[in-house]
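Next up, entry_35.txt (compact mmCIF, C-alpha atoms):
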# COMPACT_ATOMS: atom_id res chain seq x y z
CA MET A 1 -9.11 -1.45 2.16
CA THR A 2 -8.78 -3.91 -0.72
CA LEU A 3 -6.75 -3.41 -3.83
CA SER A 4 -8.66 -3.14 -7.09
CA ALA A 5 -7.48 -5.08 -10.14
CA LYS A 6 -6.16 -1.82 -11.59
CA GLU A 7 -4.22 -1.04 -8.43
CA LYS A 8 -2.67 -4.53 -8.38
CA THR A 9 -1.53 -3.99 -11.97
CA LEU A 10 -0.05 -0.60 -11.09
CA VAL A 11 1.87 -2.16 -8.18
CA LYS A 12 3.17 -5.08 -10.25
CA THR A 13 4.18 -2.82 -13.13
CA PHE A 14 5.99 -0.38 -10.90
CA PHE A 15 7.92 -3.02 -8.99
CA SER A 16 8.91 -4.89 -12.13
CA LYS A 17 10.37 -1.61 -13.43
CA VAL A 18 12.49 -1.15 -10.31
CA SER A 19 13.32 -4.84 -9.83
CA GLY A 20 16.90 -4.29 -10.96
CA ARG A 21 17.49 -1.75 -8.18
CA VAL A 22 15.80 -3.41 -5.23
CA ASP A 23 19.01 -3.88 -3.25
CA ASP A 24 19.79 -0.16 -3.40
CA ILE A 25 16.20 0.71 -2.59
CA GLY A 26 16.26 -1.56 0.45
CA ASN A 27 19.53 -0.05 1.65
CA GLU A 28 18.26 3.51 1.18
CA ALA A 29 14.93 2.83 2.90
CA LEU A 30 16.50 1.14 5.90
CA SER A 31 19.25 3.78 6.19
CA ARG A 32 16.63 6.47 6.23
CA MET A 33 14.51 4.68 8.79
CA LEU A 34 17.45 4.38 11.20
CA THR A 35 18.43 8.04 10.70
CA VAL A 36 15.02 9.73 10.65
CA TYR A 37 13.41 7.52 13.30
CA PRO A 38 16.23 6.70 15.74
CA GLN A 39 13.88 4.70 17.98
CA THR A 40 13.96 1.95 15.31
CA LYS A 41 17.63 1.35 16.10
CA THR A 42 16.52 -0.51 19.21
CA TYR A 43 15.77 -3.54 17.04
CA PHE A 44 19.31 -3.67 15.69
CA ALA A 45 21.41 -3.19 18.81
CA HIS A 46 23.25 -6.39 17.93
CA TRP A 47 24.76 -4.83 14.79
CA GLN A 48 28.27 -3.37 14.93
CA ASP A 49 27.55 -0.59 12.50
CA LEU A 50 24.14 1.09 12.18
CA SER A 51 25.30 3.92 9.93
CA PRO A 52 23.60 4.50 6.55
CA GLY A 53 24.99 2.14 3.91
CA SER A 54 26.89 -0.09 6.35
CA ALA A 55 27.32 -3.77 5.47
CA SER A 56 24.66 -4.86 7.98
CA VAL A 57 22.21 -2.24 6.71
CA ARG A 58 22.82 -3.21 3.07
CA LYS A 59 22.36 -6.88 3.81
CA HIS A 60 19.19 -6.35 5.76
CA GLY A 61 17.78 -3.93 3.19
CA LYS A 62 18.15 -6.74 0.65
CA THR A 63 16.29 -9.14 2.96
CA VAL A 64 13.45 -6.68 3.50
CA MET A 65 13.06 -5.99 -0.21
CA GLY A 66 13.06 -9.72 -0.86
CA GLY A 67 9.99 -9.83 1.37
CA VAL A 68 8.37 -6.90 -0.47
CA MET A 69 8.94 -8.51 -3.86
CA GLU A 70 7.53 -11.79 -2.51
CA ALA A 71 4.47 -9.84 -1.39
CA VAL A 72 4.08 -8.36 -4.91
CA GLU A 73 3.96 -11.89 -6.30
CA LYS A 74 1.44 -12.98 -3.68
CA ILE A 75 -0.61 -9.80 -3.99
CA ASP A 76 -3.83 -11.77 -4.48
CA ASN A 77 -3.59 -13.39 -1.07
CA LEU A 78 -1.21 -11.57 1.22
CA CYS A 79 -2.37 -13.02 4.53
CA GLU A 80 -1.90 -16.61 3.36
CA GLY A 81 1.18 -15.86 1.31
CA LEU A 82 3.04 -14.01 4.07
CA ARG A 83 2.07 -16.40 6.87
CA ASN A 84 5.68 -17.46 7.56
CA LEU A 85 6.85 -13.86 7.66
CA SER A 86 4.03 -13.01 10.02
CA ASP A 87 5.07 -15.86 12.31
CA LEU A 88 8.63 -14.55 12.25
CA HIS A 89 7.67 -10.97 13.09
CA ALA A 90 5.11 -11.96 15.73
CA PHE A 91 6.93 -14.66 17.65
CA VAL A 92 10.61 -14.19 16.99
CA LEU A 93 11.31 -10.57 16.11
CA ARG A 94 8.36 -9.06 17.95
CA VAL A 95 8.64 -5.77 16.11
CA ASP A 96 5.98 -3.32 17.30
CA PRO A 97 3.60 -2.99 14.34
CA SER A 98 3.78 0.82 14.48
CA ASN A 99 7.22 0.45 12.95
CA PHE A 100 5.78 -1.11 9.79
CA LYS A 101 4.22 2.28 8.96
CA ILE A 102 7.56 3.95 9.51
CA LEU A 103 9.43 1.65 7.15
CA CYS A 104 6.63 1.89 4.56
CA HIS A 105 6.93 5.68 4.63
CA CYS A 106 10.71 5.51 4.17
CA LEU A 107 10.23 3.11 1.27
CA LEU A 108 7.77 5.52 -0.36
CA VAL A 109 10.30 8.35 0.03
CA VAL A 110 12.97 6.29 -1.75
CA LEU A 111 10.56 5.29 -4.53
CA ALA A 112 9.50 8.96 -4.97
CA MET A 113 13.15 10.04 -5.05
CA THR A 114 14.42 7.46 -7.48
CA SER A 115 11.43 7.06 -9.82
CA PRO A 116 9.59 10.40 -9.78
CA GLU A 117 8.35 9.91 -13.37
CA ASP A 118 6.70 6.59 -12.51
CA PHE A 119 5.49 7.58 -9.04
CA SER A 120 2.30 9.25 -10.25
CA PRO A 121 -0.48 10.03 -7.74
CA GLU A 122 -2.41 6.94 -8.91
CA THR A 123 0.61 4.70 -8.52
CA HIS A 124 1.30 6.34 -5.16
CA VAL A 125 -2.12 5.45 -3.77
CA ALA A 126 -1.86 1.88 -5.12
CA ILE A 127 1.56 1.33 -3.53
CA ASP A 128 0.49 3.01 -0.28
CA LYS A 129 -2.49 0.65 -0.04
CA PHE A 130 -0.32 -2.32 -1.00
CA LEU A 131 2.25 -1.56 1.71
CA ALA A 132 -0.52 -1.03 4.25
CA SER A 133 -1.95 -4.43 3.29
CA VAL A 134 1.49 -6.04 3.62
CA SER A 135 1.85 -4.46 7.09
CA LEU A 136 -1.54 -5.83 8.04
CA ALA A 137 -0.62 -9.31 6.79
CA LEU A 138 2.62 -9.16 8.80
CA SER A 139 0.64 -8.26 11.95
CA GLU A 140 -1.82 -11.12 11.47
CA LYS A 141 -0.24 -13.49 13.97
CA TYR A 142 0.53 -10.94 16.67
CA ARG A 143 -2.50 -11.71 18.78
CA MET B 1 11.55 25.54 22.81
CA VAL B 2 12.65 23.52 19.80
CA GLN B 3 16.41 23.27 19.47
CA TRP B 4 17.76 23.39 15.94
CA THR B 5 21.33 22.39 15.15
CA ASP B 6 23.23 24.45 12.57
CA ALA B 7 23.11 21.47 10.25
CA GLU B 8 19.32 21.27 10.55
CA ARG B 9 18.89 25.01 9.89
CA ALA B 10 21.16 24.71 6.86
CA ALA B 11 19.36 21.64 5.53
CA ILE B 12 15.93 23.28 5.84
CA ALA B 13 17.12 26.54 4.22
CA ASP B 14 18.70 24.50 1.45
CA ILE B 15 15.43 22.68 0.75
CA PHE B 16 13.50 25.93 0.45
CA GLY B 17 16.22 27.28 -1.81
CA LYS B 18 16.07 24.30 -4.14
CA ILE B 19 12.39 23.43 -4.51
CA ASP B 20 9.90 24.99 -6.89
CA ARG B 21 7.37 26.74 -4.64
CA ASP B 22 4.69 26.87 -7.34
CA VAL B 23 4.85 23.12 -7.82
CA VAL B 24 5.35 21.63 -4.36
CA GLY B 25 2.29 23.06 -2.60
CA PRO B 26 -0.23 22.27 -5.36
CA ASN B 27 1.23 18.80 -6.02
CA ALA B 28 1.32 17.87 -2.35
CA LEU B 29 -2.27 18.97 -1.74
CA ALA B 30 -3.45 17.17 -4.89
CA ARG B 31 -1.66 14.00 -3.79
CA CYS B 32 -3.22 14.23 -0.34
CA LEU B 33 -6.71 14.46 -1.85
CA ILE B 34 -5.95 11.55 -4.22
CA VAL B 35 -4.09 9.20 -1.88
CA TYR B 36 -6.26 9.90 1.19
CA PRO B 37 -9.68 10.55 -0.36
CA TRP B 38 -11.38 11.23 2.96
CA THR B 39 -9.47 14.52 3.13
CA ARG B 40 -11.78 15.81 0.39
CA ARG B 41 -14.37 16.41 3.09
CA TYR B 42 -12.76 19.76 3.83
CA PHE B 43 -12.95 21.06 0.29
CA GLY B 44 -16.65 20.85 -0.55
CA GLY B 45 -16.55 24.25 -2.27
CA PHE B 46 -13.71 23.32 -4.63
CA GLY B 47 -15.82 21.80 -7.39
CA ASN B 48 -14.79 18.63 -9.17
CA LEU B 49 -12.65 16.40 -6.93
CA TYR B 50 -14.04 13.12 -8.22
CA SER B 51 -10.95 11.72 -9.91
CA ALA B 52 -7.18 12.03 -9.80
CA ASP B 53 -7.21 13.85 -13.16
CA ALA B 54 -9.91 16.26 -11.99
CA ILE B 55 -8.00 17.02 -8.80
CA LEU B 56 -4.74 17.59 -10.64
CA ALA B 57 -6.47 19.98 -13.04
CA ASN B 58 -8.52 21.79 -10.39
CA PRO B 59 -7.43 25.45 -10.17
CA LYS B 60 -8.80 25.87 -6.62
CA VAL B 61 -6.66 22.96 -5.42
CA ALA B 62 -3.60 24.51 -7.05
CA ALA B 63 -4.33 27.92 -5.54
CA HIS B 64 -4.86 26.45 -2.12
CA GLY B 65 -1.70 24.39 -2.40
CA LYS B 66 0.19 27.67 -2.77
CA VAL B 67 -1.54 29.07 0.32
CA VAL B 68 -0.46 26.02 2.33
CA PHE B 69 3.09 26.36 1.07
CA GLY B 70 3.03 30.03 2.04
CA GLY B 71 2.33 28.88 5.59
CA LEU B 72 5.48 26.72 5.51
CA GLU B 73 7.52 29.66 4.24
CA LYS B 74 6.24 31.69 7.18
CA ALA B 75 7.34 28.90 9.51
CA VAL B 76 10.84 28.71 8.09
CA LYS B 77 11.21 32.49 8.50
CA ASN B 78 10.23 32.09 12.17
CA LEU B 79 12.04 28.85 12.90
CA ASP B 80 12.57 29.70 16.58
CA ASP B 81 9.02 30.90 17.07
CA ILE B 82 6.75 28.58 15.12
CA LYS B 83 4.42 27.91 18.03
CA ILE B 84 3.53 31.58 18.47
CA THR B 85 3.59 32.40 14.75
CA PHE B 86 1.07 29.64 14.06
CA ALA B 87 -1.32 30.33 16.95
CA PRO B 88 -3.86 32.14 14.74
CA LEU B 89 -3.60 29.41 12.08
CA SER B 90 -4.13 26.75 14.72
CA GLU B 91 -7.25 28.49 15.95
CA LEU B 92 -8.49 28.82 12.37
CA HIS B 93 -8.03 25.10 11.65
CA SER B 94 -9.65 23.98 14.88
CA GLU B 95 -12.45 26.52 15.43
CA LYS B 96 -13.47 27.49 11.93
CA LEU B 97 -12.30 24.75 9.57
CA ASN B 98 -12.75 21.87 12.05
CA VAL B 99 -9.90 19.86 10.54
CA ASP B 100 -9.05 16.56 12.23
CA PRO B 101 -5.39 17.05 13.24
CA ASP B 102 -4.46 13.60 11.89
CA ASN B 103 -4.90 15.12 8.46
CA PHE B 104 -1.92 17.44 9.07
CA ARG B 105 0.30 14.39 9.25
CA LEU B 106 -1.13 13.03 5.98
CA LEU B 107 -0.44 16.31 4.17
CA ALA B 108 3.01 16.45 5.76
CA ASP B 109 3.81 13.00 4.36
CA CYS B 110 2.67 14.08 0.89
CA LEU B 111 4.86 17.21 1.11
CA THR B 112 7.83 15.02 2.03
CA LEU B 113 7.26 12.72 -0.93
CA VAL B 114 6.86 15.56 -3.45
CA ILE B 115 10.04 17.22 -2.17
CA ALA B 116 11.88 13.89 -2.31
CA GLY B 117 10.82 13.62 -5.94
CA GLN B 118 12.15 17.11 -6.70
CA MET B 119 15.42 16.88 -4.79
CA ARG B 120 16.24 13.27 -5.62
CA ALA B 121 19.71 12.27 -4.37
CA ALA B 122 20.06 15.59 -2.54
CA PHE B 123 17.33 14.41 -0.16
CA THR B 124 19.77 12.44 1.98
CA PRO B 125 18.69 10.69 5.20
CA GLU B 126 20.05 13.63 7.24
CA VAL B 127 18.17 16.16 5.11
CA GLN B 128 15.01 14.06 5.39
CA ALA B 129 15.41 13.94 9.18
CA ALA B 130 15.73 17.74 9.39
CA TRP B 131 12.76 18.25 7.06
CA GLN B 132 10.52 15.84 8.95
CA LYS B 133 11.50 17.47 12.25
CA PHE B 134 10.50 20.84 10.76
CA LEU B 135 7.15 19.43 9.63
CA ALA B 136 6.58 17.79 13.01
CA VAL B 137 7.10 21.17 14.70
CA VAL B 138 4.70 22.85 12.26
CA VAL B 139 2.07 20.13 12.80
CA SER B 140 2.48 20.36 16.56
CA ALA B 141 2.01 24.15 16.40
CA LEU B 142 -1.13 23.69 14.32
CA CYS B 143 -2.51 21.27 16.89
CA ARG B 144 -1.88 23.53 19.90
CA GLN B 145 -5.15 25.43 19.97
CA TYR B 146 -7.33 22.32 19.76
CA TYR B 147 -9.18 21.42 22.91
Is it possible to give me this structure as structure tokens?
Amino acid sequence: MTLSAKEKTLVKTFFSKVSGRVDDIGNEALSRMLTVYPQTKTYFAHWQDLSPGSASVRKHGKTVMGGVMEAVEKIDNLCEGLRNLSDLHAFVLRVDPSNFKILCHCLLVVLAMTSPEDFSPETHVAIDKFLASVSLALSEKYR
Amino acid sequence: MVQWTDAERAAIADIFGKIDRDVVGPNALARCLIVYPWTRRYFGGFGNLYSADAILANPKVAAHGKVVFGGLEKAVKNLDDIKITFAPLSELHSEKLNVDPDNFRLLADCLTLVIAGQMRAAFTPEVQAAWQKFLAVVVSALCRQYY
């Protein structure tokens, strides 16, 4: 599944529109993931407070969205561009890749909620493919 | 049997009270056909499904979206009995329509996104959890008669 030129444009346009709100988006997406899919909490047992909107969740949401925005910039070569992040997830964090789908879904929910006018079906498929490609790039180094 | 907390029952009832039933079903089905194009394999008799615009304008897609949503309304009216209520529908999807059950999850995701777009801030993490649990139960009931 490769992104067409049109899809890359749709992704870049959409994310530049929401770039001012990425911290909130990250917080919302992560909060949802921890609430709707409680098994994901196992990766954050070292946090004091796992409740939606807590300081740890906010901070980490910001980190995650930083990664997503980096991926938007490197959309033409995600595997190369996200090599360091793949190393991190494969060798240090060792997050089971099935969780990438979960977080991607939560992110889509937040984007649909907060930008329904911009989240057209065509934009939806472009972003869905983009996030799937990012997940794949992150899993590159796993084995 | 599925256990529903009072909060979950309330959240699900609230969703059905708030959303526009004539919009959600058609939009979710259209999105499913657009975002996951392989799902079009089940709708050969629906005419033009060749582009996003065609799908969004297709009256058969809209009509069928309402049928699908009707199924969800039936489920919410039989919240403690979804498995039995959906037995005939499960048989229909497996024996007659031959739908790959993975597709139920894809449509469920599209329903969630359309509802999130309608409810906006009211679609809190807790509400989303209740809604996704409801959909998971519906999907599981639809999968029961497959063998």
Sort by chain and increasing residue number a table of all residues of chain B within 6 Å of chain A, each with its closest pair of atoms and their distance in Å to one decimal, counting all atoms listed in the file, and write it as JSON lines.
{"residue": "B:Arg31", "atom": "CA", "partner": "A:Pro121", "partner_atom": "CA", "distance": 5.7}
{"residue": "B:Val35", "atom": "CA", "partner": "A:Val125", "partner_atom": "CA", "distance": 4.6}
{"residue": "B:Leu113", "atom": "CA", "partner": "A:Val109", "partner_atom": "CA", "distance": 5.4}
{"residue": "B:Ala116", "atom": "CA", "partner": "A:Met113", "partner_atom": "CA", "distance": 4.9}
{"residue": "B:Gly117", "atom": "CA", "partner": "A:Met113", "partner_atom": "CA", "distance": 4.4}
{"residue": "B:Arg120", "atom": "CA", "partner": "A:Met113", "partner_atom": "CA", "distance": 4.5}
{"residue": "B:Pro125", "atom": "CA", "partner": "A:Arg32", "partner_atom": "CA", "distance": 4.8}
{"residue": "B:Ala129", "atom": "CA", "partner": "A:Val36", "partner_atom": "CA", "distance": 4.5}
State, in Å with one decimal place, the distance from CA of Leu85 in chain A to CA of Tyr142 in chain A.
-> 11.4 Å
Gap from CA of Cys143 in chain B to CA of Asp80 in chain B - Å, one decimal |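 Here the two named atoms are 17.3 Å from each other.
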Could you check how far CA of Thr39 in chain B sits from CA of Thr9 in chain A, in Å to one decimal?
->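 Taking CA of Thr39 in chain B as the start and CA of Thr9 in chain A as the end point, the length is 25.2 Å.
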Using all atoms listed in the file, what residues lie at most 12 Å away from (21.2, 22.3, 7.4) (file coordinates), given as a list of chain:residue names?
-> B:Trp4, B:Thr5, B:Asp6, B:Ala7, B:Glu8, B:Arg9, B:Ala10, B:Ala11, B:Ile12, B:Ala13, B:Asp14, B:Ile15, B:Phe16, B:Gly17, B:Phe123, B:Thr124, B:Glu126, B:Val127, B:Gln128, B:Ala129, B:Ala130, B:Trp131, B:Lys133, B:Phe134
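Taking only C-alpha atoms into account, the polymer residues that have an atom no farther than 10 Å from (0.0, 0.3, 4.6) are Met1, Phe100, Lys101, Ile102, Leu103, Cys104, His105, Ile127, Asp128, Lys129, Phe130, Leu131, Ala132, Ser133, Val134, Ser135, Leu136 and Ala137 of chain A.
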Only C-alpha atoms, please: the residues just picked out, written as a PDB file, in the frame of the given file.
ATOM      1  CA  MET A   1      -9.110  -1.450   2.160  1.00  0.00           C
ATOM      2  CA  PHE A 100       5.780  -1.110   9.790  1.00  0.00           C
ATOM      3  CA  LYS A 101       4.220   2.280   8.960  1.00  0.00           C
ATOM      4  CA  ILE A 102       7.560   3.950   9.510  1.00  0.00           C
ATOM      5  CA  LEU A 103       9.430   1.650   7.150  1.00  0.00           C
ATOM      6  CA  CYS A 104       6.630   1.890   4.560  1.00  0.00           C
ATOM      7  CA  HIS A 105       6.930   5.680   4.630  1.00  0.00           C
ATOM      8  CA  ILE A 127       1.560   1.330  -3.530  1.00  0.00           C
ATOM      9  CA  ASP A 128       0.490   3.010  -0.280  1.00  0.00           C
ATOM     10  CA  LYS A 129      -2.490   0.650  -0.040  1.00  0.00           C
ATOM     11  CA  PHE A 130      -0.320  -2.320  -1.000  1.00  0.00           C
ATOM     12  CA  LEU A 131       2.250  -1.560   1.710  1.00  0.00           C
ATOM     13  CA  ALA A 132      -0.520  -1.030   4.250  1.00  0.00           C
ATOM     14  CA  SER A 133      -1.950  -4.430   3.290  1.00  0.00           C
ATOM     15  CA  VAL A 134       1.490  -6.040   3.620  1.00  0.00           C
ATOM     16  CA  SER A 135       1.850  -4.460   7.090  1.00  0.00           C
ATOM     17  CA  LEU A 136      -1.540  -5.830   8.040  1.00  0.00           C
ATOM     18  CA  ALA A 137      -0.620  -9.310   6.790  1.00  0.00           C
TER      19      ALA A 137
END
Pick the closest to Gln3 in chain B from B:Val137, B:Ala62, B:Ala75, B:Ile115: which is it, counting all atoms listed in the file?
-> B:Val137
With a distance cut-off of 9 Å and only C-alpha atoms, select the neighbouring residues of Leu135 in chain B, excluding the residue or stretch itself and same-chain residues fewer than 4 positions from it, and output the selection as a list in words.
->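 What passes the distance filter is Leu72, Arg105, Ala108, Asp109, Thr112, Ala130, Trp131, Val139 and Ser140 of chain B.
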What lies within 12 Å of Arg94 in chain A using all atoms listed in the file, ignoring chain neighbours under 2 positions off, as a PyMOL selection string?
-> chain A and resi 42-43+85-92+96-100+138-139+141-143
Output range 125-143 of chain B as an mmCIF file, in the frame of the given file, making sure N, CA, C and O atoms are there.
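As written to disk, selection07.cif reads:
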data_model
loop_
_atom_site.group_PDB
_atom_site.id
_atom_site.type_symbol
_atom_site.label_atom_id
_atom_site.label_comp_id
_atom_site.auth_asym_id
_atom_site.auth_seq_id
_atom_site.Cartn_x
_atom_site.Cartn_y
_atom_site.Cartn_z
ATOM 1 N N PRO B 125 19.360 11.007 3.924
ATOM 2 C CA PRO B 125 18.690 10.690 5.200
ATOM 3 C C PRO B 125 18.765 11.845 6.204
ATOM 4 O O PRO B 125 17.781 12.128 6.885
ATOM 5 N N GLU B 126 19.909 12.530 6.277
ATOM 6 C CA GLU B 126 20.050 13.630 7.240
ATOM 7 C C GLU B 126 19.132 14.796 6.872
ATOM 8 O O GLU B 126 18.530 15.433 7.740
ATOM 9 N N VAL B 127 19.048 15.077 5.581
ATOM 10 C CA VAL B 127 18.170 16.160 5.110
ATOM 11 C C VAL B 127 16.718 15.782 5.395
ATOM 12 O O VAL B 127 15.921 16.596 5.854
ATOM 13 N N GLN B 128 16.377 14.517 5.127
ATOM 14 C CA GLN B 128 15.010 14.060 5.390
ATOM 15 C C GLN B 128 14.680 14.195 6.876
ATOM 16 O O GLN B 128 13.576 14.631 7.239
ATOM 17 N N ALA B 129 15.638 13.853 7.733
ATOM 18 C CA ALA B 129 15.410 13.940 9.180
ATOM 19 C C ALA B 129 15.123 15.387 9.584
ATOM 20 O O ALA B 129 14.190 15.656 10.345
ATOM 21 N N ALA B 130 15.922 16.324 9.053
ATOM 22 C CA ALA B 130 15.730 17.740 9.390
ATOM 23 C C ALA B 130 14.375 18.221 8.892
ATOM 24 O O ALA B 130 13.632 18.902 9.596
ATOM 25 N N TRP B 131 14.035 17.843 7.653
ATOM 26 C CA TRP B 131 12.760 18.250 7.060
ATOM 27 C C TRP B 131 11.575 17.707 7.855
ATOM 28 O O TRP B 131 10.619 18.437 8.144
ATOM 29 N N GLN B 132 11.640 16.430 8.222
ATOM 30 C CA GLN B 132 10.520 15.840 8.950
ATOM 31 C C GLN B 132 10.411 16.428 10.346
ATOM 32 O O GLN B 132 9.311 16.553 10.880
ATOM 33 N N LYS B 133 11.541 16.807 10.931
ATOM 34 C CA LYS B 133 11.500 17.470 12.250
ATOM 35 C C LYS B 133 10.788 18.815 12.089
ATOM 36 O O LYS B 133 9.919 19.165 12.901
ATOM 37 N N PHE B 134 11.136 19.547 11.037
ATOM 38 C CA PHE B 134 10.500 20.840 10.760
ATOM 39 C C PHE B 134 8.989 20.657 10.625
ATOM 40 O O PHE B 134 8.202 21.373 11.243
ATOM 41 N N LEU B 135 8.579 19.672 9.821
ATOM 42 C CA LEU B 135 7.150 19.430 9.630
ATOM 43 C C LEU B 135 6.463 19.020 10.927
ATOM 44 O O LEU B 135 5.340 19.432 11.194
ATOM 45 N N ALA B 136 7.161 18.228 11.735
ATOM 46 C CA ALA B 136 6.580 17.790 13.010
ATOM 47 C C ALA B 136 6.325 18.993 13.910
ATOM 48 O O ALA B 136 5.299 19.068 14.598
ATOM 49 N N VAL B 137 7.255 19.951 13.884
ATOM 50 C CA VAL B 137 7.100 21.170 14.700
ATOM 51 C C VAL B 137 5.909 21.988 14.182
ATOM 52 O O VAL B 137 5.088 22.481 14.961
ATOM 53 N N VAL B 138 5.815 22.106 12.866
ATOM 54 C CA VAL B 138 4.700 22.850 12.260
ATOM 55 C C VAL B 138 3.368 22.186 12.625
ATOM 56 O O VAL B 138 2.424 22.859 13.043
ATOM 57 N N VAL B 139 3.308 20.864 12.487
ATOM 58 C CA VAL B 139 2.070 20.130 12.800
ATOM 59 C C VAL B 139 1.718 20.302 14.273
ATOM 60 O O VAL B 139 0.568 20.540 14.627
ATOM 61 N N SER B 140 2.714 20.208 15.122
ATOM 62 C CA SER B 140 2.480 20.360 16.560
ATOM 63 C C SER B 140 1.930 21.756 16.861
ATOM 64 O O SER B 140 0.989 21.912 17.644
ATOM 65 N N ALA B 141 2.485 22.775 16.207
ATOM 66 C CA ALA B 141 2.010 24.150 16.400
ATOM 67 C C ALA B 141 0.569 24.291 15.939
ATOM 68 O O ALA B 141 -0.249 24.950 16.591
ATOM 69 N N LEU B 142 0.237 23.632 14.830
ATOM 70 C CA LEU B 142 -1.130 23.690 14.320
ATOM 71 C C LEU B 142 -2.111 22.997 15.248
ATOM 72 O O LEU B 142 -3.288 23.325 15.291
ATOM 73 N N CYS B 143 -1.620 22.037 15.999
ATOM 74 C CA CYS B 143 -2.510 21.270 16.890
ATOM 75 C C CYS B 143 -2.711 21.965 18.242
ATOM 76 O O CYS B 143 -3.598 21.587 19.009
#
